[in-house]
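Next up, work_39.csv (CSV, C-alpha atoms):
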chain,number,residue,atom,x,y,z
A,1139,MET,CA,-44.9,-19.6,83.5
A,1140,PHE,CA,-42.6,-17.3,85.3
A,1141,ILE,CA,-42.3,-13.7,84.2
A,1142,ASN,CA,-39.5,-11.5,85.6
A,1143,TRP,CA,-40.2,-7.9,84.6
A,1144,ALA,CA,-36.9,-6.7,85.9
A,1145,LEU,CA,-35.0,-8.9,83.4
A,1146,GLN,CA,-37.8,-9.0,80.8
A,1147,GLU,CA,-37.7,-12.8,80.9
A,1148,ILE,CA,-40.6,-15.1,80.2
A,1149,ASN,CA,-39.9,-18.7,81.3
A,1150,LEU,CA,-41.9,-21.7,80.2
A,1151,LYS,CA,-41.8,-25.2,81.4
A,1152,ILE,CA,-42.4,-27.9,78.8
A,1153,VAL,CA,-42.6,-31.6,79.9
A,1154,TYR,CA,-42.1,-34.6,77.7
A,1155,TYR,CA,-44.3,-37.4,79.0
A,1156,GLY,CA,-44.9,-40.9,77.8
A,1157,PRO,CA,-44.3,-44.6,78.6
A,1158,GLY,CA,-40.9,-46.1,79.2
A,1159,MET,CA,-38.6,-46.3,76.1
A,1160,SER,CA,-40.9,-44.2,73.9
A,1161,GLY,CA,-38.1,-41.8,73.1
A,1162,LYS,CA,-38.6,-38.8,75.4
A,1163,THR,CA,-34.9,-38.5,76.2
A,1164,THR,CA,-34.0,-39.1,72.5
A,1165,ASN,CA,-36.1,-36.0,71.6
A,1166,LEU,CA,-34.1,-33.8,74.0
A,1167,GLU,CA,-30.8,-35.3,72.9
A,1168,TYR,CA,-31.6,-34.5,69.3
A,1169,ILE,CA,-32.6,-30.9,70.1
A,1170,HIS,CA,-29.5,-30.5,72.1
A,1171,SER,CA,-27.3,-31.9,69.4
A,1172,LYS,CA,-28.7,-29.6,66.7
A,1173,LEU,CA,-29.1,-26.2,68.4
A,1174,ASP,CA,-26.5,-23.5,68.2
A,1175,PRO,CA,-24.5,-23.5,71.5
A,1176,SER,CA,-25.4,-19.9,72.2
A,1177,LEU,CA,-29.1,-20.9,72.4
A,1178,LYS,CA,-28.9,-24.0,74.7
A,1179,GLY,CA,-27.7,-24.9,78.1
A,1180,GLU,CA,-26.3,-28.2,79.3
A,1181,LEU,CA,-28.4,-31.3,79.0
A,1182,VAL,CA,-28.6,-33.0,82.3
A,1183,SER,CA,-29.7,-36.6,82.6
A,1184,LEU,CA,-30.4,-38.4,85.8
A,1185,LYS,CA,-30.1,-42.0,84.6
A,1186,THR,CA,-29.7,-45.4,86.2
A,1187,LYS,CA,-26.8,-47.5,85.1
A,1188,GLU,CA,-29.2,-49.3,82.7
A,1189,ASP,CA,-29.7,-45.9,81.0
A,1190,ARG,CA,-33.3,-45.5,82.2
A,1191,THR,CA,-34.2,-42.0,83.2
A,1192,ILE,CA,-34.6,-42.2,87.0
A,1193,PHE,CA,-35.7,-38.7,87.8
A,1194,PHE,CA,-35.6,-36.4,84.7
A,1195,ASP,CA,-33.6,-34.9,81.9
A,1196,PHE,CA,-33.4,-31.1,81.8
A,1197,MET,CA,-32.3,-28.5,79.3
A,1198,GLN,CA,-32.9,-24.8,78.9
A,1199,ILE,CA,-33.2,-23.3,75.4
A,1200,GLU,CA,-33.5,-19.7,74.2
A,1201,VAL,CA,-34.3,-17.9,71.0
A,1202,GLY,CA,-32.9,-14.5,71.6
A,1203,ARG,CA,-35.0,-11.4,72.3
A,1204,ILE,CA,-38.5,-10.9,70.9
A,1205,LYS,CA,-40.1,-7.4,71.2
A,1206,GLY,CA,-37.6,-6.8,74.0
A,1207,LYS,CA,-38.6,-9.9,75.9
A,1208,LYS,CA,-36.4,-12.9,76.4
A,1209,PRO,CA,-38.3,-16.2,76.2
A,1210,LYS,CA,-36.6,-19.2,77.8
A,1211,PHE,CA,-37.9,-22.7,77.5
A,1212,ASN,CA,-37.2,-25.2,80.2
A,1213,LEU,CA,-37.5,-28.7,78.8
A,1214,TYR,CA,-38.0,-31.7,81.1
A,1215,THR,CA,-38.6,-35.4,80.5
A,1216,VAL,CA,-40.2,-37.7,83.1
A,1217,PRO,CA,-39.1,-41.3,83.7
A,1218,GLY,CA,-41.5,-43.6,81.9
A,1219,GLN,CA,-41.1,-46.7,84.0
A,1220,VAL,CA,-44.3,-47.3,86.0
A,1221,TYR,CA,-42.4,-47.5,89.4
A,1222,TYR,CA,-41.2,-43.9,89.1
A,1223,ALA,CA,-44.8,-42.6,89.5
A,1224,SER,CA,-44.0,-40.1,92.2
A,1225,SER,CA,-41.1,-38.5,90.3
A,1226,ARG,CA,-43.4,-38.0,87.3
A,1227,LYS,CA,-45.8,-36.1,89.5
A,1228,VAL,CA,-43.3,-33.7,91.0
A,1229,ILE,CA,-41.8,-32.8,87.6
A,1230,LEU,CA,-45.3,-31.6,86.5
A,1231,ASN,CA,-45.2,-28.8,89.1
A,1232,GLY,CA,-45.6,-25.5,87.3
A,1233,VAL,CA,-45.8,-27.1,83.8
A,1234,ASP,CA,-47.0,-24.9,81.0
A,1235,GLY,CA,-47.2,-27.4,78.1
A,1236,ILE,CA,-46.8,-31.2,77.6
A,1237,VAL,CA,-45.6,-33.3,74.7
A,1238,PHE,CA,-46.9,-36.9,75.0
A,1239,VAL,CA,-44.4,-39.1,73.3
A,1240,ALA,CA,-46.3,-42.3,72.3
A,1241,ASP,CA,-44.6,-45.5,71.1
A,1242,SER,CA,-46.1,-46.5,67.7
A,1243,GLN,CA,-45.5,-50.2,68.2
A,1244,PRO,CA,-48.8,-52.2,68.6
A,1245,HIS,CA,-47.6,-54.0,71.7
A,1246,ARG,CA,-47.0,-50.7,73.4
A,1247,MET,CA,-50.6,-49.5,73.0
A,1248,GLU,CA,-51.6,-50.5,76.5
A,1249,ALA,CA,-48.5,-48.8,77.9
A,1250,ASN,CA,-49.4,-45.6,76.0
A,1251,ILE,CA,-53.0,-45.6,77.3
A,1252,GLU,CA,-51.9,-46.4,80.9
A,1253,THR,CA,-49.4,-43.5,80.8
A,1254,LEU,CA,-51.9,-41.1,79.4
A,1255,LEU,CA,-54.4,-42.0,82.1
A,1256,ASP,CA,-51.6,-41.5,84.7
A,1257,LEU,CA,-50.9,-38.1,83.2
A,1258,GLU,CA,-54.6,-37.1,83.4
A,1259,SER,CA,-54.8,-38.2,87.0
A,1260,ASN,CA,-51.7,-36.3,88.0
A,1261,LEU,CA,-53.0,-33.2,86.3
A,1262,LYS,CA,-56.4,-33.6,88.1
A,1263,GLN,CA,-54.7,-33.6,91.5
A,1264,ASP,CA,-53.6,-30.1,90.5
A,1265,ASN,CA,-57.0,-29.1,89.3
A,1266,GLN,CA,-55.9,-29.3,85.7
A,1267,SER,CA,-57.1,-31.6,82.9
A,1268,LEU,CA,-56.0,-32.8,79.5
A,1269,GLU,CA,-59.2,-31.3,78.0
A,1270,GLU,CA,-58.1,-27.8,78.8
A,1271,PHE,CA,-54.4,-28.1,79.0
A,1272,PRO,CA,-52.0,-27.2,76.1
A,1273,TRP,CA,-50.5,-30.4,74.9
A,1274,VAL,CA,-49.5,-32.3,71.7
A,1275,ILE,CA,-49.0,-35.9,70.8
A,1276,GLN,CA,-45.9,-37.3,69.1
A,1277,TYR,CA,-46.3,-40.7,67.5
A,1278,ASN,CA,-42.7,-41.9,67.7
A,1279,LYS,CA,-40.8,-44.8,66.1
A,1280,ARG,CA,-42.7,-44.5,62.8
A,1281,ASP,CA,-39.8,-46.2,61.0
A,1282,LEU,CA,-40.3,-49.5,62.8
A,1283,PRO,CA,-41.8,-52.4,60.8
A,1284,GLY,CA,-45.3,-53.2,62.0
A,1285,ALA,CA,-45.9,-49.7,63.5
A,1286,GLU,CA,-49.5,-49.1,64.2
A,1287,SER,CA,-51.5,-47.0,61.7
A,1288,ILE,CA,-52.0,-43.3,62.6
A,1289,ASP,CA,-55.8,-43.9,62.3
A,1290,VAL,CA,-55.7,-46.5,65.1
A,1291,LEU,CA,-53.3,-44.4,67.2
A,1292,GLN,CA,-55.5,-41.3,66.8
A,1293,LYS,CA,-58.7,-43.2,67.8
A,1294,ARG,CA,-57.2,-44.8,70.8
A,1295,LEU,CA,-55.0,-41.9,72.2
A,1296,ASN,CA,-56.0,-38.5,70.8
A,1297,PHE,CA,-59.5,-38.2,72.3
A,1298,PHE,CA,-59.3,-34.4,72.6
A,1299,ASN,CA,-58.0,-34.0,69.1
A,1300,VAL,CA,-54.8,-32.1,70.0
A,1301,PRO,CA,-52.1,-31.5,67.3
A,1302,HIS,CA,-50.3,-34.7,66.5
A,1303,PHE,CA,-47.0,-35.4,64.8
A,1304,GLU,CA,-45.3,-38.5,63.3
A,1305,ALA,CA,-41.7,-38.8,64.4
A,1306,VAL,CA,-38.5,-40.9,64.2
A,1307,ALA,CA,-36.7,-39.2,67.1
A,1308,VAL,CA,-33.4,-41.0,66.7
A,1309,ARG,CA,-33.1,-39.4,63.2
A,1310,GLY,CA,-34.7,-36.1,64.4
A,1311,ASP,CA,-37.8,-36.5,62.1
A,1312,GLY,CA,-40.7,-34.6,63.6
A,1313,VAL,CA,-38.7,-33.5,66.7
A,1314,PHE,CA,-38.6,-29.8,66.1
A,1315,ASN,CA,-42.1,-29.7,64.6
A,1316,THR,CA,-43.4,-31.2,67.9
A,1317,LEU,CA,-41.5,-28.7,70.0
A,1318,LYS,CA,-42.6,-25.8,68.0
A,1319,ALA,CA,-46.2,-26.9,68.1
A,1320,VAL,CA,-46.3,-27.3,71.9
A,1321,ILE,CA,-44.7,-23.9,72.4
A,1322,ASN,CA,-47.3,-22.5,70.0
A,1323,SER,CA,-50.1,-24.2,72.0
A,1324,VAL,CA,-48.8,-22.6,75.2
A,1325,VAL,CA,-48.6,-19.2,73.7
A,1326,GLN,CA,-52.1,-19.4,72.2
A,1327,ASN,CA,-53.4,-20.6,75.5
A,1328,VAL,CA,-51.9,-17.6,77.3
A,1329,GLN,CA,-53.2,-15.2,74.7
A,1330,ASN,CA,-56.7,-16.6,74.9
A,1331,GLN,CA,-56.8,-16.2,78.6
A,1332,LEU,CA,-55.6,-12.7,78.9
B,698,MET,CA,-47.7,-10.2,96.9
B,699,VAL,CA,-46.0,-11.7,93.9
B,700,GLN,CA,-48.6,-11.6,91.3
B,701,THR,CA,-49.9,-15.1,90.6
B,702,ARG,CA,-52.5,-15.7,88.0
B,703,LYS,CA,-54.3,-18.9,87.6
B,704,LEU,CA,-55.2,-19.6,84.0
B,705,LYS,CA,-58.4,-21.3,83.0
B,706,ASP,CA,-56.7,-24.6,82.4
B,707,GLY,CA,-55.4,-24.5,85.9
B,708,SER,CA,-51.8,-23.6,85.1
B,709,ARG,CA,-50.0,-20.9,87.1
B,710,GLN,CA,-48.5,-17.7,86.0
B,711,VAL,CA,-46.1,-16.0,88.4
B,712,ILE,CA,-45.1,-12.4,87.8
B,713,LEU,CA,-42.3,-10.7,89.6
B,714,ASN,CA,-42.1,-6.9,89.3
B,715,GLY,CA,-38.9,-4.8,89.1
B,716,LYS,CA,-39.1,-3.6,92.7
B,717,GLN,CA,-39.5,-7.1,94.1
B,718,TYR,CA,-36.6,-8.3,92.0
B,719,GLU,CA,-34.4,-5.4,93.3
B,720,VAL,CA,-35.2,-6.2,97.0
B,721,ILE,CA,-34.6,-10.0,96.5
B,722,THR,CA,-31.2,-9.3,94.9
B,723,LYS,CA,-30.3,-6.9,97.7
B,724,VAL,CA,-31.2,-9.6,100.3
B,725,LEU,CA,-29.0,-12.1,98.5
B,726,SER,CA,-26.1,-9.7,98.3
B,727,GLU,CA,-26.3,-9.1,102.0
B,728,LEU,CA,-26.5,-12.8,102.8
B,729,ALA,CA,-23.5,-13.4,100.5
B,730,ALA,CA,-21.4,-10.7,102.2
B,731,LYS,CA,-22.2,-11.9,105.7
B,732,THR,CA,-21.8,-15.6,105.2
B,733,LYS,CA,-18.9,-15.6,102.6
B,734,ALA,CA,-21.0,-18.2,100.8
B,735,SER,CA,-19.6,-19.3,97.4
B,736,ALA,CA,-23.0,-18.9,95.8
B,737,ILE,CA,-26.6,-18.1,96.7
B,738,LEU,CA,-29.6,-18.8,94.5
B,739,PHE,CA,-33.2,-17.9,94.9
B,740,ALA,CA,-35.6,-19.9,92.8
B,741,ASP,CA,-39.2,-21.1,92.6
B,742,MET,CA,-40.4,-24.6,93.3
B,743,SER,CA,-40.9,-25.4,89.6
B,744,GLY,CA,-37.1,-25.1,89.2
B,745,GLN,CA,-37.0,-21.6,87.8
B,746,LEU,CA,-33.9,-19.6,88.9
B,747,ILE,CA,-34.9,-16.0,89.9
B,748,SER,CA,-31.8,-14.4,91.2
B,749,GLN,CA,-28.2,-15.3,92.2
B,750,ARG,CA,-25.2,-13.9,94.0
B,751,GLY,CA,-21.6,-15.0,94.7
B,752,ASN,CA,-19.1,-16.7,92.5
B,753,VAL,CA,-21.8,-18.1,90.2
B,754,GLU,CA,-19.7,-18.0,87.0
B,755,GLU,CA,-18.1,-21.3,87.8
B,756,MET,CA,-21.4,-23.1,88.4
B,757,ASN,CA,-24.3,-23.9,86.1
B,758,THR,CA,-26.9,-22.3,88.3
B,759,THR,CA,-29.8,-22.9,85.9
B,760,VAL,CA,-29.3,-26.6,86.2
B,761,LEU,CA,-28.5,-26.3,90.0
B,762,SER,CA,-31.9,-24.6,90.5
B,763,ALA,CA,-33.7,-27.4,88.5
B,764,LEU,CA,-32.0,-30.1,90.6
B,765,ALA,CA,-32.6,-28.3,93.9
B,766,ALA,CA,-36.3,-28.0,93.1
B,767,SER,CA,-36.5,-31.7,92.4
B,768,ASP,CA,-34.6,-32.3,95.6
B,769,PHE,CA,-37.4,-30.5,97.5
B,770,ALA,CA,-40.0,-32.4,95.6
B,771,ALA,CA,-38.4,-35.7,96.3
B,772,THR,CA,-38.0,-35.0,100.0
B,773,SER,CA,-41.6,-33.8,100.3
B,774,GLU,CA,-42.7,-37.2,99.0
B,775,MET,CA,-40.2,-38.8,101.5
B,776,ALA,CA,-41.8,-36.7,104.2
B,777,LYS,CA,-45.2,-38.2,103.4
B,778,LEU,CA,-43.9,-41.7,103.3
B,779,VAL,CA,-42.4,-41.4,106.8
B,780,GLY,CA,-45.5,-39.8,108.2
B,781,GLU,CA,-44.3,-36.2,108.4
B,782,GLU,CA,-47.3,-34.1,107.6
B,783,ALA,CA,-45.6,-30.8,106.8
B,784,LYS,CA,-42.8,-30.6,104.2
B,785,PHE,CA,-39.2,-30.8,105.3
B,786,LYS,CA,-38.1,-27.2,105.8
B,787,LEU,CA,-34.5,-27.5,105.0
B,788,LEU,CA,-32.1,-29.8,103.3
B,789,PHE,CA,-28.4,-30.0,103.9
B,790,HIS,CA,-25.8,-31.7,101.8
B,791,GLU,CA,-22.4,-32.2,103.3
B,792,GLY,CA,-19.3,-32.4,101.1
B,793,GLU,CA,-15.6,-32.5,101.6
B,794,LYS,CA,-14.9,-29.1,100.2
B,795,ARG,CA,-18.4,-27.6,100.0
B,796,ASN,CA,-21.7,-27.9,101.6
B,797,VAL,CA,-25.1,-27.0,100.3
B,798,TYR,CA,-27.9,-25.6,102.4
B,799,LEU,CA,-31.4,-25.5,101.0
B,800,SER,CA,-34.4,-23.8,102.7
B,801,ASN,CA,-37.9,-23.1,101.5
B,802,VAL,CA,-39.2,-19.5,101.4
B,803,GLY,CA,-43.0,-19.9,101.8
B,804,ASP,CA,-44.6,-22.7,99.7
B,805,ASP,CA,-43.5,-21.5,96.3
B,806,PHE,CA,-39.8,-20.5,96.6
B,807,PHE,CA,-36.5,-21.6,98.0
B,808,LEU,CA,-33.0,-20.5,98.8
B,809,VAL,CA,-29.8,-22.4,98.0
B,810,VAL,CA,-26.6,-21.5,99.8
B,811,VAL,CA,-23.4,-23.1,98.7
B,812,PHE,CA,-20.5,-22.6,101.1
B,813,ASP,CA,-17.0,-23.8,101.9
B,814,VAL,CA,-16.7,-26.3,104.8
B,815,SER,CA,-14.5,-23.7,106.6
B,816,VAL,CA,-17.7,-21.7,107.2
B,817,THR,CA,-19.7,-23.0,110.1
B,818,LEU,CA,-23.2,-24.3,109.6
B,819,GLY,CA,-24.5,-22.2,112.6
B,820,LEU,CA,-23.5,-19.0,110.9
B,821,ILE,CA,-25.3,-20.0,107.7
B,822,ARG,CA,-28.4,-20.9,109.6
B,823,ILE,CA,-28.6,-17.7,111.5
B,824,TYR,CA,-28.2,-15.4,108.5
B,825,THR,CA,-30.3,-17.5,106.2
B,826,LYS,CA,-33.2,-17.4,108.7
B,827,LYS,CA,-33.0,-13.6,108.6
B,828,ALA,CA,-32.8,-13.5,104.8
B,829,ILE,CA,-35.8,-15.7,104.5
B,830,GLU,CA,-37.8,-13.3,106.7
B,831,ASP,CA,-36.8,-10.4,104.5
B,832,LEU,CA,-37.5,-12.3,101.3
B,833,THR,CA,-41.0,-13.4,102.6
B,834,ALA,CA,-41.7,-9.7,103.4
B,835,ALA,CA,-40.6,-8.6,99.9
B,836,LEU,CA,-42.7,-11.2,98.2
B,837,GLU,CA,-45.8,-10.3,100.3
B,838,GLU,CA,-45.4,-6.6,99.6
B,839,GLU,CA,-48.2,-5.2,97.4
B,840,ALA,CA,-47.3,-5.4,93.8
B,841,GLY,CA,-47.4,-2.1,92.0
B,842,SER,CA,-49.4,-1.6,88.9
B,843,GLU,CA,-46.2,-1.8,86.9
B,844,ALA,CA,-46.8,-3.7,83.7
B,845,SER,CA,-49.5,-5.9,85.2
B,846,ASP,CA,-52.0,-4.7,82.6
B,847,GLU,CA,-49.6,-5.0,79.7
B,848,ASN,CA,-50.3,-7.9,77.4
B,849,ILE,CA,-47.2,-10.0,77.8
B,850,ILE,CA,-47.9,-12.1,74.8
B,851,ASP,CA,-49.9,-10.5,71.9
B,852,SER,CA,-50.4,-12.0,68.5
B,853,ASP,CA,-47.5,-10.1,67.1
B,854,PHE,CA,-45.3,-11.7,69.7
B,855,SER,CA,-46.4,-15.2,68.8
B,856,THR,CA,-45.7,-14.7,65.1
B,857,LEU,CA,-42.2,-13.4,65.9
B,858,LEU,CA,-41.6,-16.2,68.3
B,859,GLY,CA,-42.6,-18.7,65.6
B,860,ASN,CA,-40.1,-17.2,63.2
B,861,ALA,CA,-37.4,-17.2,65.8
B,862,LEU,CA,-38.0,-20.9,66.5
B,863,ASP,CA,-37.9,-21.6,62.8
B,864,ASP,CA,-34.5,-19.9,62.6
B,865,SER,CA,-33.1,-21.7,65.6
B,866,PHE,CA,-34.3,-25.1,64.4
B,867,LYS,CA,-32.9,-24.8,60.9
How does the structure come out when it is put into C-alpha cells?
Amino acid sequence: MFINWALQEINLKIVYYGPGMSGKTTNLEYIHSKLDPSLKGELVSLKTKEDRTIFFDFMQIEVGRIKGKKPKFNLYTVPGQVYYASSRKVILNGVDGIVFVADSQPHRMEANIETLLDLESNLKQDNQSLEEFPWVIQYNKRDLPGAESIDVLQKRLNFFNVPHFEAVAVRGDGVFNTLKAVINSVVQNVQNQL
Amino acid sequence: MVQTRKLKDGSRQVILNGKQYEVITKVLSELAAKTKASAILFADMSGQLISQRGNVEEMNTTVLSALAASDFAATSEMAKLVGEEAKFKLLFHEGEKRNVYLSNVGDDFFLVVVFDVSVTLGLIRIYTKKAIEDLTAALEEEAGSEASDENIIDSDFSTLLGNALDDSFK
C-alpha cells in the first residue's frame, strides 16, 4: 500500500494468481470492458504470440474520492505457466491482496494445488503467509460440463477458509464480486492492524 | 525517512508526507530543466508512480512506471543468474528517437528519464546522479508528525468504498 498525503492518494496492489489458462487475464479483460472510461486506465498485456501472459497484465482503476481520499487499485495478473516462476515472484513485490483464480475442471486440480503451494512459498520468502494474508479464491469455469463440485474444491484448496466465489469469467459472472471481496479483505486487514 | 509500516501479515505500507512530496517534485523539476528530458518519473519498486515532470501528457506514465518496475525486477533476477551479487544499478534503453535511462534510488524507489537522442547520455548521467543524491536525502529526512496518527481507513471509509465499488460495477 502506498499513501501519498500530498495528493491524498491511497494505492493498493491486487494480484490475480493461479495456474495457466485458469482465466486471470479474462477477469481483467472483463473488468476493463465494463468499467466507465473515466474510472479505468489502459489494460496492458505482455503476451507471447500464443496469447499466454509472459510477464503480467496491468490495469489501474479508480472509484472517485472517498472522504477526500482518492483510492486507486492497481490490478496485476501473473503468468500461470510453470516456467515463468521468477516473473510470478517479482510481481508479488508490494502486493496488498490476492485473488487466486482456480480452474474448476477436475483434471486441473493438481495444477491448482501446485500453484497455491508456489504462491505460499513466494509469500514465505517475503515473510508473509497465506494464513495471515488478505486473499480470496475464485472457482472459475463453473459452466464447463464435469466441473468439480464446490465441496471438493473447498476441501482441497481453501484450507484457510477465505471468501470464495463461483465464476464464469468469460461471461463476467462472479468477476466483480471477487474484486470487491478482495478489496474488502485488504481494507479490513488494514483497519484491524491500525 | 519515508514512513514504512510493516503490517502483521508482512505486507508493507509506505507513507509519503506533503513535505517529502514537495521536495521530490522540486528535484524532478530541476532535473527536467537541466537535462531537457522529455519526461521524468519517480516511482517505487512495486510499480507505483509517485511524481512526474516534463511532457507527460503524451505518455501513459502509470503504465510506464509499472513496466519500469518490472524491468528492474527482471534484471535483478538476471543479475543473480549471471553471478552478480548486487542488483544492476541502472538500465538504459536506446531508441532511434528517444532513450530511456532508469536508475534506482535506494532499494525501494527508482527514477525514469526519457530523453531525445539529441541529448547526450553523459549529461543525463551527471544530472541524474545529483538528483538521486537529493532524492535520497529527501527520503531519509525525518518524517514530520503530519497525519501519521490519523486513521487512514476507518469503518466509515470502508462502507463508503463498498458503495462506490457497487456504483462503479453496475
Item to check | Interface residues on chain B facing chain A, 6 Å, all atoms listed in the file, written as a PyMOL selection string | outcome: chain B and resi 706-707+710-715+743+770
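Distances here use all atoms listed in the file; by that measure, the residue among B:Val809, B:Leu788, B:Val802, B:Ala834 closest to Leu761 (chain B) is B:Val809.
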Neighbour residues at most 10 Å from (-27.7, -24.4, 87.0) (all atoms listed in the file) as a PDB file with C-alpha atoms, keeping the file's coordinate frame:
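And here's out.pdb as it stands now:
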ATOM      1  CA  GLY A1179     -27.700 -24.900  78.100  1.00  0.00           C
ATOM      2  CA  GLU A1180     -26.300 -28.200  79.300  1.00  0.00           C
ATOM      3  CA  VAL A1182     -28.600 -33.000  82.300  1.00  0.00           C
ATOM      4  CA  MET A1197     -32.300 -28.500  79.300  1.00  0.00           C
ATOM      5  CA  GLN A1198     -32.900 -24.800  78.900  1.00  0.00           C
TER       6      GLN A1198
ATOM      7  CA  LEU B 738     -29.600 -18.800  94.500  1.00  0.00           C
ATOM      8  CA  GLY B 744     -37.100 -25.100  89.200  1.00  0.00           C
ATOM      9  CA  GLN B 745     -37.000 -21.600  87.800  1.00  0.00           C
ATOM     10  CA  LEU B 746     -33.900 -19.600  88.900  1.00  0.00           C
ATOM     11  CA  VAL B 753     -21.800 -18.100  90.200  1.00  0.00           C
ATOM     12  CA  MET B 756     -21.400 -23.100  88.400  1.00  0.00           C
ATOM     13  CA  ASN B 757     -24.300 -23.900  86.100  1.00  0.00           C
ATOM     14  CA  THR B 758     -26.900 -22.300  88.300  1.00  0.00           C
ATOM     15  CA  THR B 759     -29.800 -22.900  85.900  1.00  0.00           C
ATOM     16  CA  VAL B 760     -29.300 -26.600  86.200  1.00  0.00           C
ATOM     17  CA  LEU B 761     -28.500 -26.300  90.000  1.00  0.00           C
ATOM     18  CA  SER B 762     -31.900 -24.600  90.500  1.00  0.00           C
ATOM     19  CA  ALA B 763     -33.700 -27.400  88.500  1.00  0.00           C
ATOM     20  CA  LEU B 764     -32.000 -30.100  90.600  1.00  0.00           C
ATOM     21  CA  ALA B 765     -32.600 -28.300  93.900  1.00  0.00           C
TER      22      ALA B 765
END
Checklist entry - Could you name the residues that touch Gln1219 (chain A) at 12 Å or less, counting all atoms listed in the file, but leaving out those on the same chain fewer than 5 positions away, as a list in words? => result Tyr1155, Gly1156, Pro1157, Gly1158, Met1159, Ser1160, Lys1162, Lys1185, Thr1186, Asp1189, Arg1190, Thr1191, Ile1192, Phe1193, Phe1194, Ser1224, Ser1225, Arg1226, Ala1249, Asn1250, Glu1252, Thr1253 and Asp1256 of chain A
Item to check | Residue among B:Leu778, B:Leu799, B:Ala771, B:Ile823 lying closest to Lys731 (chain B), counting all atoms listed in the file | outcome: B:Ile823
Checklist outcome for this item: Separating CA of Val1324 (chain A) from CA of Val1274 (chain A), to the nearest tenth of an Å, is a gap of 10.3 Å
Item to check | Between CA of Val1300 (chain A) and CA of Ala1240 (chain A), distance in Å (one decimal) | outcome: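 One can read the CA of Val1300 (chain A) to CA of Ala1240 (chain A) distance as 13.5 Å.
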Checklist entry - Interatomic distance between CA of Ile1275 (chain A) and CA of Leu1254 (chain A)? => result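 Taking CA of Ile1275 (chain A) as the start and CA of Leu1254 (chain A) as the end point, the length is 10.5 Å.
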Item to check | Among listed residues B:Val814, B:Ala730, B:Leu858, B:Ile850, nearest Gly751 (chain B) (using all atoms listed in the file) | outcome: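 For Gly751 (chain B), the nearest of the given residues is B:Ala730.
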Checklist entry - Which neighbours of Gly792 (chain B) fall inside 12 Å, counting only C-alpha atoms, when residues of the same chain fewer than 6 positions from it are skipped, and could you give them as a list in words? => result Tyr798, Val811, Phe812, Asp813, Val814 and Ser815 of chain B
Expected file contents, prior selection, C-alpha atoms, as a short mmCIF file (atom, residue, chain, number, x, y, z; two decimals), keeping the file's coordinate frame:
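Saved as again_6.cif:
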data_model
loop_
_atom_site.label_atom_id
_atom_site.label_comp_id
_atom_site.auth_asym_id
_atom_site.auth_seq_id
_atom_site.Cartn_x
_atom_site.Cartn_y
_atom_site.Cartn_z
CA TYR B 798 -27.90 -25.60 102.40
CA VAL B 811 -23.40 -23.10 98.70
CA PHE B 812 -20.50 -22.60 101.10
CA ASP B 813 -17.00 -23.80 101.90
CA VAL B 814 -16.70 -26.30 104.80
CA SER B 815 -14.50 -23.70 106.60
#
